[in-house]
file input_4.cif (mmCIF, C-alpha atoms and all ligand atoms)
data_data
loop_
_atom_site.label_atom_id
_atom_site.label_comp_id
_atom_site.auth_asym_id
_atom_site.auth_seq_id
_atom_site.Cartn_x
_atom_site.Cartn_y
_atom_site.Cartn_z
CA MET I 1 19.88 13.95 -30.12
CA ALA I 2 20.83 13.65 -26.44
CA VAL I 3 18.09 11.98 -24.39
CA ASP I 4 17.66 13.99 -21.21
CA LEU I 5 13.99 13.37 -20.42
CA ALA I 6 12.51 10.45 -18.49
CA VAL I 7 8.96 9.35 -17.75
CA VAL I 8 8.64 7.58 -14.40
CA PRO I 9 5.29 5.85 -13.93
CA VAL I 10 4.39 5.73 -10.22
CA ALA I 11 0.62 5.34 -10.42
CA GLY I 12 0.35 1.63 -9.47
CA ARG I 13 -1.63 0.95 -6.30
CA GLY I 14 0.85 -1.43 -4.68
CA THR I 15 -1.87 -3.92 -3.74
CA ARG I 16 0.64 -6.73 -3.29
CA LEU I 17 2.31 -4.75 -0.48
CA LEU I 18 -0.75 -4.10 1.71
CA PRO I 19 -1.05 -2.98 4.46
CA LEU I 20 2.31 -1.20 3.99
CA THR I 21 1.00 0.72 1.00
CA LYS I 22 -2.45 1.60 2.32
CA SER I 23 -1.58 5.28 2.78
CA GLN I 24 1.95 5.57 1.38
CA PRO I 25 3.18 4.98 -2.16
CA LYS I 26 5.26 1.83 -2.70
CA GLU I 27 7.78 4.06 -4.46
CA MET I 28 8.41 5.80 -1.11
CA LEU I 29 9.20 2.61 0.80
CA PRO I 30 12.66 2.64 2.35
CA VAL I 31 15.35 0.41 0.91
CA GLY I 32 18.32 1.00 3.18
CA GLN I 33 18.72 4.76 3.62
CA LYS I 34 16.61 6.01 0.71
CA PRO I 35 13.11 5.58 -0.64
CA VAL I 36 12.88 3.50 -3.81
CA VAL I 37 12.07 6.39 -6.12
CA GLN I 38 15.16 8.33 -5.08
CA TYR I 39 17.38 5.50 -6.30
CA VAL I 40 15.52 5.70 -9.62
CA ALA I 41 16.02 9.48 -9.85
CA ASP I 42 19.71 9.12 -8.89
CA GLU I 43 20.24 6.45 -11.53
CA LEU I 44 18.59 8.64 -14.18
CA ALA I 45 20.55 11.76 -13.19
CA GLU I 46 23.75 9.73 -13.37
CA ALA I 47 22.81 8.73 -16.96
CA GLY I 48 22.42 12.37 -18.03
CA VAL I 49 18.66 12.75 -17.57
CA ARG I 50 17.76 16.28 -16.47
CA ARG I 51 13.95 16.31 -16.65
CA LEU I 52 11.74 13.81 -14.86
CA VAL I 53 8.05 13.40 -15.61
CA PHE I 54 6.24 11.44 -12.91
CA VAL I 55 2.94 9.86 -13.83
CA THR I 56 1.21 9.73 -10.48
CA GLY I 57 -2.14 8.63 -9.10
CA PRO I 58 -4.19 8.85 -5.91
CA GLY I 59 -2.17 8.91 -2.69
CA LYS I 60 1.17 9.66 -4.38
CA VAL I 61 1.71 13.22 -3.18
CA ALA I 62 4.54 12.11 -0.86
CA ILE I 63 6.67 11.62 -4.00
CA GLU I 64 6.21 15.29 -4.97
CA ASN I 65 7.05 16.38 -1.44
CA HIS I 66 10.17 14.23 -1.43
CA PHE I 67 11.66 15.96 -4.46
CA ASP I 68 10.64 19.43 -3.35
CA ILE I 69 13.08 21.77 -1.63
CA ASN I 70 12.17 21.92 2.05
CA GLU I 71 13.53 25.38 2.97
CA GLU I 72 12.35 25.17 6.55
CA LEU I 73 14.08 21.84 7.19
CA ILE I 74 17.28 23.11 5.54
CA ALA I 75 17.25 26.29 7.68
CA ARG I 76 16.67 24.26 10.85
CA LEU I 77 19.53 21.86 10.09
CA ARG I 78 21.83 24.74 9.18
CA GLU I 79 21.05 26.61 12.41
CA GLY I 80 21.64 23.44 14.39
CA GLY I 81 25.00 22.94 12.62
CA GLN I 82 23.87 19.51 11.39
CA GLU I 83 26.00 19.49 8.25
CA ASP I 84 25.94 15.68 8.00
CA MET I 85 22.13 15.71 7.82
CA LEU I 86 22.19 18.58 5.32
CA ALA I 87 24.42 16.46 3.09
CA LYS I 88 21.68 13.82 3.00
CA LEU I 89 19.39 16.39 1.37
CA ALA I 90 21.89 17.22 -1.38
CA PHE I 91 19.62 15.48 -3.93
CA GLU I 92 17.07 18.31 -3.44
CA ARG I 93 19.49 20.77 -4.97
CA GLU I 94 20.50 18.65 -7.97
CA ASP I 95 20.12 20.30 -11.32
CA LEU I 96 16.93 18.41 -12.21
CA GLU I 97 13.47 19.56 -13.25
CA TYR I 98 10.38 17.70 -12.09
CA PHE I 99 7.01 17.49 -13.80
CA TYR I 100 3.94 15.72 -12.50
CA THR I 101 0.90 14.48 -14.30
CA ARG I 102 -1.78 12.08 -13.18
CA GLN I 103 -3.10 8.85 -14.60
CA ARG I 104 -6.73 9.43 -13.80
CA ARG I 105 -7.87 5.90 -14.54
CA GLN I 106 -5.91 2.72 -13.85
CA LEU I 107 -5.78 1.38 -17.38
CA GLY I 108 -2.30 -0.15 -17.41
CA LEU I 109 1.36 0.75 -17.97
CA GLY I 110 0.89 1.66 -21.65
CA HIS I 111 -1.88 4.07 -20.71
CA ALA I 112 0.27 5.57 -17.90
CA ILE I 113 3.02 6.39 -20.41
CA LEU I 114 0.43 7.87 -22.77
CA CYS I 115 -0.56 10.30 -19.98
CA ALA I 116 2.87 11.96 -20.45
CA LYS I 117 2.37 12.52 -24.20
CA GLN I 118 1.67 16.26 -24.04
CA ILE I 119 4.72 16.91 -21.86
CA VAL I 120 7.07 14.70 -23.88
CA SER I 121 5.82 16.02 -27.22
CA ASP I 122 8.19 14.90 -30.01
CA GLN I 123 11.29 14.24 -27.89
CA PRO I 124 12.96 10.86 -27.36
CA PHE I 125 12.58 9.73 -23.75
CA VAL I 126 13.52 7.12 -21.18
CA VAL I 127 10.89 5.16 -19.29
CA ALA I 128 12.05 4.01 -15.84
CA LEU I 129 9.57 2.11 -13.66
CA GLY I 130 9.40 3.86 -10.29
CA ASP I 131 9.25 0.62 -8.29
CA SER I 132 12.42 -0.99 -9.67
CA ILE I 133 16.01 -0.38 -8.64
CA ILE I 134 18.78 -1.65 -10.90
CA GLY I 135 21.94 -2.81 -9.17
CA LEU I 136 22.98 -2.64 -5.51
CA HIS I 137 22.49 0.96 -4.32
CA ALA I 138 21.39 1.69 -7.91
CA GLU I 139 24.98 1.54 -9.11
CA SER I 140 24.18 0.66 -12.69
CA ASP I 141 24.84 2.44 -15.95
CA VAL I 142 22.26 0.49 -17.92
CA VAL I 143 20.27 3.64 -18.76
CA ARG I 144 23.40 5.29 -20.11
CA ARG I 145 24.16 2.19 -22.24
CA THR I 146 20.57 2.04 -23.43
CA ILE I 147 20.64 5.72 -24.51
CA GLU I 148 24.04 5.22 -26.20
CA ILE I 149 22.80 2.26 -28.24
CA PHE I 150 19.56 4.10 -29.07
CA ASP I 151 21.61 6.97 -30.56
CA ARG I 152 24.30 4.90 -32.19
CA GLU I 153 21.93 2.38 -33.85
CA GLN I 154 19.23 4.95 -34.67
CA ALA I 155 16.71 2.65 -33.03
CA ASP I 156 13.01 3.26 -32.45
CA ALA I 157 13.16 1.68 -29.01
CA VAL I 158 15.82 0.12 -26.79
CA ILE I 159 14.87 -2.01 -23.77
CA ALA I 160 16.94 -3.40 -20.89
CA PHE I 161 16.51 -7.12 -20.20
CA GLU I 162 17.36 -9.37 -17.30
CA THR I 163 17.64 -13.15 -17.60
CA VAL I 164 15.17 -14.71 -15.13
CA PRO I 165 14.43 -18.33 -14.13
CA ARG I 166 11.92 -19.90 -16.52
CA GLN I 167 9.22 -20.25 -13.84
CA ASP I 168 9.31 -16.43 -13.35
CA VAL I 169 8.55 -15.45 -16.96
CA VAL I 170 4.84 -15.18 -16.02
CA HIS I 171 5.59 -11.85 -14.28
CA TYR I 172 7.32 -10.06 -17.15
CA GLY I 173 7.42 -8.94 -20.74
CA ILE I 174 9.58 -11.57 -22.48
CA ALA I 175 11.75 -11.09 -25.58
CA ARG I 176 11.90 -13.20 -28.70
CA PRO I 177 15.44 -12.22 -29.72
CA LYS I 178 16.89 -12.54 -33.21
CA ALA I 179 20.37 -11.34 -34.26
CA VAL I 180 22.82 -10.92 -31.36
CA HIS I 181 25.49 -8.16 -31.56
CA ALA I 182 28.36 -7.20 -29.27
CA ASP I 183 26.40 -5.11 -26.74
CA PHE I 184 22.77 -5.52 -27.82
CA PHE I 185 20.40 -7.88 -29.59
CA GLU I 186 17.61 -7.31 -32.07
CA LEU I 187 14.07 -8.18 -31.10
CA GLU I 188 11.65 -10.10 -33.23
CA ASP I 189 8.78 -9.90 -30.77
CA LEU I 190 7.86 -9.19 -27.16
CA VAL I 191 5.24 -11.19 -25.24
CA GLU I 192 3.61 -9.96 -22.01
CA LYS I 193 3.64 -12.50 -19.16
CA PRO I 194 3.69 -15.77 -21.14
CA SER I 195 3.44 -19.19 -19.47
CA PRO I 196 6.83 -20.91 -19.00
CA ALA I 197 5.94 -23.35 -21.78
CA ASP I 198 5.11 -20.57 -24.25
CA ALA I 199 7.94 -18.17 -23.33
CA PRO I 200 10.19 -17.46 -26.33
CA SER I 201 13.20 -16.91 -23.98
CA CYS I 202 13.99 -16.07 -20.35
CA LEU I 203 14.89 -12.45 -21.19
CA ALA I 204 12.57 -10.27 -19.11
CA VAL I 205 11.88 -6.55 -19.58
CA ALA I 206 13.75 -4.97 -16.66
CA GLY I 207 11.80 -1.71 -16.31
CA ARG I 208 14.10 0.58 -18.32
CA TYR I 209 13.31 1.63 -21.90
CA VAL I 210 14.17 4.41 -24.38
CA PHE I 211 11.60 5.41 -27.00
CA ARG I 212 11.03 7.80 -29.83
CA SER I 213 7.82 9.76 -29.45
CA SER I 214 6.36 7.58 -32.25
CA ILE I 215 5.57 5.01 -29.52
CA PHE I 216 2.57 7.15 -28.47
CA LYS I 217 0.77 6.42 -31.74
CA PHE I 218 1.20 2.68 -31.15
CA ILE I 219 -0.04 2.94 -27.55
CA GLU I 220 -3.08 4.90 -28.73
CA GLU I 221 -3.92 2.10 -31.13
CA THR I 222 -3.34 -0.69 -28.58
CA PRO I 223 -6.50 -2.41 -27.32
CA PRO I 224 -6.63 -3.73 -23.74
CA GLY I 225 -4.53 -6.91 -23.44
CA LYS I 226 -3.32 -9.03 -20.50
CA GLY I 227 -5.32 -8.22 -17.35
CA ASN I 228 -7.62 -6.05 -19.49
CA GLU I 229 -4.94 -3.31 -19.36
CA ILE I 230 -3.34 -1.27 -22.13
CA GLN I 231 0.05 -2.92 -22.19
CA LEU I 232 3.24 -1.10 -23.17
CA THR I 233 4.53 -4.49 -24.32
CA ASP I 234 1.70 -4.78 -26.87
CA ALA I 235 2.45 -1.29 -28.23
CA ILE I 236 6.11 -2.31 -28.64
CA GLY I 237 4.89 -5.48 -30.41
CA ALA I 238 2.90 -3.29 -32.83
CA LEU I 239 5.94 -1.06 -33.38
CA LEU I 240 7.94 -4.20 -34.27
CA LYS I 241 5.23 -5.43 -36.68
CA SER I 242 5.27 -2.08 -38.47
CA GLY I 243 9.01 -2.58 -39.17
CA GLY I 244 10.29 -0.57 -36.18
CA LYS I 245 13.84 -1.18 -34.97
CA VAL I 246 13.64 -2.43 -31.38
CA LEU I 247 16.83 -3.51 -29.59
CA GLY I 248 17.56 -5.22 -26.30
CA VAL I 249 20.39 -4.48 -23.88
CA PRO I 250 21.21 -7.23 -21.38
CA LEU I 251 21.84 -6.32 -17.74
CA THR I 252 25.29 -7.42 -16.59
CA SER I 253 25.69 -9.95 -13.77
CA GLY I 254 26.24 -7.11 -11.25
CA GLU I 255 23.03 -5.36 -12.30
CA HIS I 256 20.31 -7.31 -10.55
CA ARG I 257 16.86 -5.73 -10.77
CA TYR I 258 15.20 -5.19 -7.39
CA ASP I 259 11.45 -5.21 -7.85
CA ILE I 260 9.74 -3.38 -4.98
CA GLY I 261 6.31 -4.67 -5.97
CA ASN I 262 5.96 -7.67 -3.67
CA PHE I 263 7.16 -8.60 -0.19
CA ALA I 264 9.54 -11.40 -1.21
CA SER I 265 11.70 -9.19 -3.41
CA TYR I 266 11.20 -6.03 -1.29
CA PHE I 267 12.55 -7.84 1.79
CA ARG I 268 15.50 -9.16 -0.19
CA ALA I 269 16.28 -5.69 -1.52
CA PHE I 270 16.12 -4.09 1.94
CA VAL I 271 18.31 -6.76 3.51
CA GLU I 272 20.93 -6.59 0.74
CA PHE I 273 21.11 -2.80 0.75
CA ALA I 274 21.22 -2.56 4.55
CA LEU I 275 23.84 -5.32 4.93
CA GLN I 276 26.06 -3.49 2.43
CA ASP I 277 25.33 0.01 3.70
CA PRO I 278 28.59 2.00 3.84
CA GLU I 279 27.76 3.37 7.32
CA TYR I 280 25.82 0.62 9.03
CA GLY I 281 26.58 -2.51 6.99
CA THR I 282 29.52 -3.83 9.01
CA ALA I 283 27.68 -3.76 12.35
CA LEU I 284 24.51 -5.12 10.79
CA ARG I 285 26.36 -8.02 9.18
CA GLU I 286 27.80 -8.97 12.58
CA HIS I 287 24.37 -8.73 14.20
CA THR I 288 22.85 -10.82 11.42
CA ARG I 289 25.52 -13.50 11.77
CA GLN I 290 24.70 -13.86 15.46
CA LEU I 291 20.99 -13.83 14.76
CA LEU I 292 21.28 -16.49 12.07
CA ALA I 293 23.34 -18.69 14.39
CA ARG I 294 20.46 -18.61 16.92
CA LEU I 295 17.67 -19.19 14.42
CA PRO I 296 16.81 -22.76 13.47
CA ALA I 297 17.83 -23.55 9.87
CA SER I 298 14.87 -24.34 7.67
CA GLU I 299 14.95 -27.07 5.06
C1 LIG I 301 5.47 -4.33 -16.19
C2 LIG I 301 5.58 -4.64 -17.69
C3 LIG I 301 6.41 -5.90 -17.93
C4 LIG I 301 7.76 -5.73 -17.26
C5 LIG I 301 7.57 -5.43 -15.77
C6 LIG I 301 8.91 -5.16 -15.12
O1 LIG I 301 4.68 -5.33 -15.57
O2 LIG I 301 4.27 -4.78 -18.22
O3 LIG I 301 6.56 -6.10 -19.30
O4 LIG I 301 8.55 -6.89 -17.44
O5 LIG I 301 6.75 -4.28 -15.59
O6 LIG I 301 8.69 -4.90 -13.78
P1 LIG I 301 4.03 -5.10 -14.09
O7 LIG I 301 5.13 -5.40 -13.12
O8 LIG I 301 3.55 -3.69 -14.05
O9 LIG I 301 2.91 -6.11 -14.01
#

call {"tool": "encode", "arguments": {"input": "input_4.cif", "output": "structure tokens"}}
result
Amino acid sequence: MAVDLAVVPVAGRGTRLLPLTKSQPKEMLPVGQKPVVQYVADELAEAGVRRLVFVTGPGKVAIENHFDINEELIARLREGGQEDMLAKLAFEREDLEYFYTRQRRQLGLGHAILCAKQIVSDQPFVVALGDSIIGLHAESDVVRRTIEIFDREQADAVIAFETVPRQDVVHYGIARPKAVHADFFELEDLVEKPSPADAPSCLAVAGRYVFRSSIFKFIEETPPGKGNEIQLTDAIGALLKSGGKVLGVPLTSGEHRYDIGNFASYFRAFVEFALQDPEYGTALREHTRQLLARLPASE
């Protein structure tokens, strides 16, 4: 069954990015020429997804506006002969359907996904975190690979993983892998944000998953875990314990995950995307070289 539906949770408050996120969603922050969530939608569309379900929260209406068709703006640009600007709105006319539902209480990522249950019904679906971009300018086919392996291996869930430095495992869901195959590995367990000493590996959940709708039952039965939140990781753990087939797909070396959830990695993402922007990158690289030459080097 072709997977053409994705749930994109965008309800998080973005507290680590204040004051930037006081009145705008972190998913709408610019990274180079586009807001974060547009890279996510582009990546999903590229992988064959045609229906996007956003799980939103307070203050997230800018995301809905972004994906809407702005007839007035289009007419104005057309009248003004600004074809180059019109081209930048091409994403509005892509053959995608958008659905919005709200997470009315902040009870964690697992709970956010559960909010999409009625819309998803019994279909298999992708989960793509709305604050993570995979690969420079989102040029990654990890979602396509994940869907392919999900179909081919008749899995219950397939998750993309990035290898992170051991000291960073505290921020992620971490895999305990077992058998390794050519383009995927089998999971024995998944642990949410372990300490470096307890981490079963350095393979971190990279914000892209494919599930059967059976995951909803496991989320419903999941009690609050780390941070007193209903963790998707714990529901996947329960799926594994019940004998479910959960597989991992490693990101390739060119598929870095840009996490737009904190300033350190947001700044890095913006700088990398801008420096390699097809239109402005060359001039910006030259400017940056001069700037760096003037700045004192820090130890
Ligand atoms: C969530 C997941 C975690 C995953 C991470 C990726 O954590 O719970 O397993 O590794 O996203 O970004 P959060 O960043 O919401 O704390």

call {"tool": "closest_residue", "arguments": {"input": "input_4.cif", "among": "I:Pro35, I:Gly130, I:Gly281, I:Gly207", "to": "ligand LIG 301 (chain I)", "atoms": "all atoms listed in the file"}}
result
I:Gly207

call {"tool": "residues_near_ligand", "arguments": {"input": "input_4.cif", "ligand": "ligand LIG 301 (chain I)", "cutoff": "8 Å", "atoms": "only C-alpha atoms and all ligand atoms", "output": "VMD selection string"}}
result
chain I and resid 12 108 to 109 129 131 to 132 171 to 174 191 to 193 204 to 207 231 to 233 259 261

call {"tool": "residues_near_point", "arguments": {"input": "input_4.cif", "point": "(23.1, 13.3, -20.5)", "cutoff": "7 Å", "atoms": "only C-alpha atoms", "output": "number ranges by chain"}}
result
I: 2-4, 47-49

call {"tool": "write_last_selection", "arguments": {"input": "input_4.cif", "atoms": "C-alpha atoms", "output": "CSV table (one decimal), keeping the file's coordinate frame"}}
result
chain,number,residue,atom,x,y,z
I,2,ALA,CA,20.8,13.6,-26.4
I,3,VAL,CA,18.1,12.0,-24.4
I,4,ASP,CA,17.7,14.0,-21.2
I,47,ALA,CA,22.8,8.7,-17.0
I,48,GLY,CA,22.4,12.4,-18.0
I,49,VAL,CA,18.7,12.8,-17.6

call {"tool": "residues_around", "arguments": {"input": "input_4.cif", "residues": "Phe185 in chain I", "least_positions_apart": "6", "cutoff": "6 Å", "atoms": "only C-alpha atoms", "output": "list in words"}}
result
Ala179, Leu247 and Gly248 of chain I

call {"tool": "atom_distance", "arguments": {"input": "input_4.cif", "atom1": "CA of Ile113 in chain I", "atom2": "CA of Asp95 in chain I"}}
result
23.8 Å

call {"tool": "residues_near_point", "arguments": {"input": "input_4.cif", "point": "(12.4, 16.3, -4.4)", "cutoff": "12 Å", "atoms": "all atoms listed in the file", "output": "PyMOL selection string"}}
result
chain I and resi 28+35+37-38+41-42+52+54+61-71+89-100

call {"tool": "atom_distance", "arguments": {"input": "input_4.cif", "atom1": "CA of Ala269 in chain I", "atom2": "CA of Lys34 in chain I"}}
result
11.9 Å

call {"tool": "residues_around", "arguments": {"input": "input_4.cif", "residues": "Gly14 in chain I", "least_positions_apart": "6", "cutoff": "12 Å", "atoms": "all atoms listed in the file", "output": "PyMOL selection string"}}
result
chain I and resi 20-29+57-60+130-131+259-263+266

call {"tool": "decode", "arguments": {"input": "input_4.cif", "residues": "range 91-199 of chain I", "atoms": "C-alpha atoms", "output": "compact mmCIF listing (two decimals), in the first residue's frame"}}
result
# COMPACT_ATOMS: atom_id res chain seq x y z
CA PHE I 91 4.73 25.52 -3.82
CA GLU I 92 1.23 26.97 -3.19
CA ARG I 93 -0.03 25.28 -6.33
CA GLU I 94 1.54 21.87 -5.71
CA ASP I 95 -0.83 18.95 -5.83
CA LEU I 96 -0.98 18.56 -2.04
CA GLU I 97 -3.87 18.49 0.41
CA TYR I 98 -3.52 20.06 3.85
CA PHE I 99 -5.38 19.14 7.02
CA TYR I 100 -5.07 20.84 10.37
CA THR I 101 -5.93 19.62 13.81
CA ARG I 102 -4.94 20.98 17.19
CA GLN I 103 -3.18 19.46 20.15
CA ARG I 104 -5.24 21.14 22.82
CA ARG I 105 -2.99 20.19 25.71
CA GLN I 106 0.80 19.97 25.63
CA LEU I 107 1.16 16.35 26.65
CA GLY I 108 4.13 15.32 24.50
CA LEU I 109 5.01 14.07 21.01
CA GLY I 110 3.16 10.76 21.39
CA HIS I 111 0.00 12.63 22.37
CA ALA I 112 0.44 15.06 19.42
CA ILE I 113 0.49 12.13 16.98
CA LEU I 114 -2.57 10.65 18.69
CA CYS I 115 -4.44 13.90 17.92
CA ALA I 116 -4.29 12.90 14.21
CA LYS I 117 -5.88 9.48 14.81
CA GLN I 118 -9.34 10.31 13.44
CA ILE I 119 -7.90 11.81 10.25
CA VAL I 120 -5.37 9.02 9.67
CA SER I 121 -7.88 6.27 10.45
CA ASP I 122 -6.44 2.89 9.37
CA GLN I 123 -3.88 4.14 6.83
CA PRO I 124 -0.10 3.80 7.11
CA PHE I 125 1.52 7.21 7.57
CA VAL I 126 4.78 9.11 7.82
CA VAL I 127 5.60 11.26 10.83
CA ALA I 128 7.94 14.16 10.02
CA LEU I 129 8.85 16.56 12.83
CA GLY I 130 8.09 20.09 11.65
CA ASP I 131 11.22 21.60 13.22
CA SER I 132 13.78 19.33 11.55
CA ILE I 133 15.25 19.60 8.07
CA ILE I 134 17.12 16.62 6.66
CA GLY I 135 20.04 17.41 4.38
CA LEU I 136 21.26 20.72 2.97
CA HIS I 137 18.27 22.49 1.35
CA ALA I 138 16.28 19.37 2.35
CA GLU I 139 17.86 17.38 -0.46
CA SER I 140 17.37 13.99 1.12
CA ASP I 141 15.43 10.95 0.05
CA VAL I 142 15.37 9.36 3.48
CA VAL I 143 11.54 9.44 3.62
CA ARG I 144 11.35 7.66 0.29
CA ARG I 145 13.84 5.00 1.52
CA THR I 146 11.94 4.65 4.78
CA ILE I 147 8.62 4.09 2.94
CA GLU I 148 10.29 1.63 0.54
CA ILE I 149 11.71 -0.47 3.38
CA PHE I 150 8.39 -0.28 5.26
CA ASP I 151 6.62 -1.78 2.22
CA ARG I 152 9.28 -4.25 1.23
CA GLU I 153 9.87 -5.66 4.74
CA GLN I 154 6.20 -5.48 5.79
CA ALA I 155 7.31 -3.65 8.91
CA ASP I 156 5.13 -2.17 11.66
CA ALA I 157 7.34 0.89 11.92
CA VAL I 158 10.47 2.22 10.21
CA ILE I 159 12.51 5.04 11.75
CA ALA I 160 15.36 7.16 10.37
CA PHE I 161 18.46 7.40 12.58
CA GLU I 162 21.45 9.70 12.67
CA THR I 163 24.70 8.83 14.44
CA VAL I 164 25.39 11.55 17.02
CA PRO I 165 28.32 12.18 19.41
CA ARG I 166 27.87 10.22 22.65
CA GLN I 167 27.48 13.37 24.78
CA ASP I 168 24.43 14.34 22.66
CA VAL I 169 22.38 11.18 23.24
CA VAL I 170 20.58 12.96 26.12
CA HIS I 171 18.55 14.93 23.53
CA TYR I 172 17.20 12.02 21.49
CA GLY I 173 15.46 8.69 21.27
CA ILE I 174 18.32 6.16 21.03
CA ALA I 175 18.24 2.75 19.33
CA ARG I 176 19.35 -0.59 20.69
CA PRO I 177 20.00 -2.24 17.31
CA LYS I 178 20.15 -5.98 16.68
CA ALA I 179 20.58 -7.61 13.25
CA VAL I 180 22.09 -5.31 10.60
CA HIS I 181 21.01 -5.73 6.94
CA ALA I 182 22.13 -4.03 3.72
CA ASP I 183 20.01 -0.86 3.99
CA PHE I 184 18.35 -1.14 7.39
CA PHE I 185 18.77 -2.64 10.85
CA GLU I 186 16.36 -4.31 13.22
CA LEU I 187 15.61 -2.70 16.54
CA GLU I 188 15.55 -4.47 19.84
CA ASP I 189 14.57 -1.42 21.86
CA LEU I 190 14.38 2.37 21.83
CA VAL I 191 15.25 4.54 24.84
CA GLU I 192 14.18 8.19 25.18
CA LYS I 193 17.00 10.58 26.12
CA PRO I 194 19.32 8.20 28.03
CA SER I 195 22.47 9.39 29.81
CA PRO I 196 25.68 8.85 27.78
CA ALA I 197 26.65 6.03 30.14
CA ASP I 198 23.32 4.21 29.70
CA ALA I 199 22.89 4.80 25.95
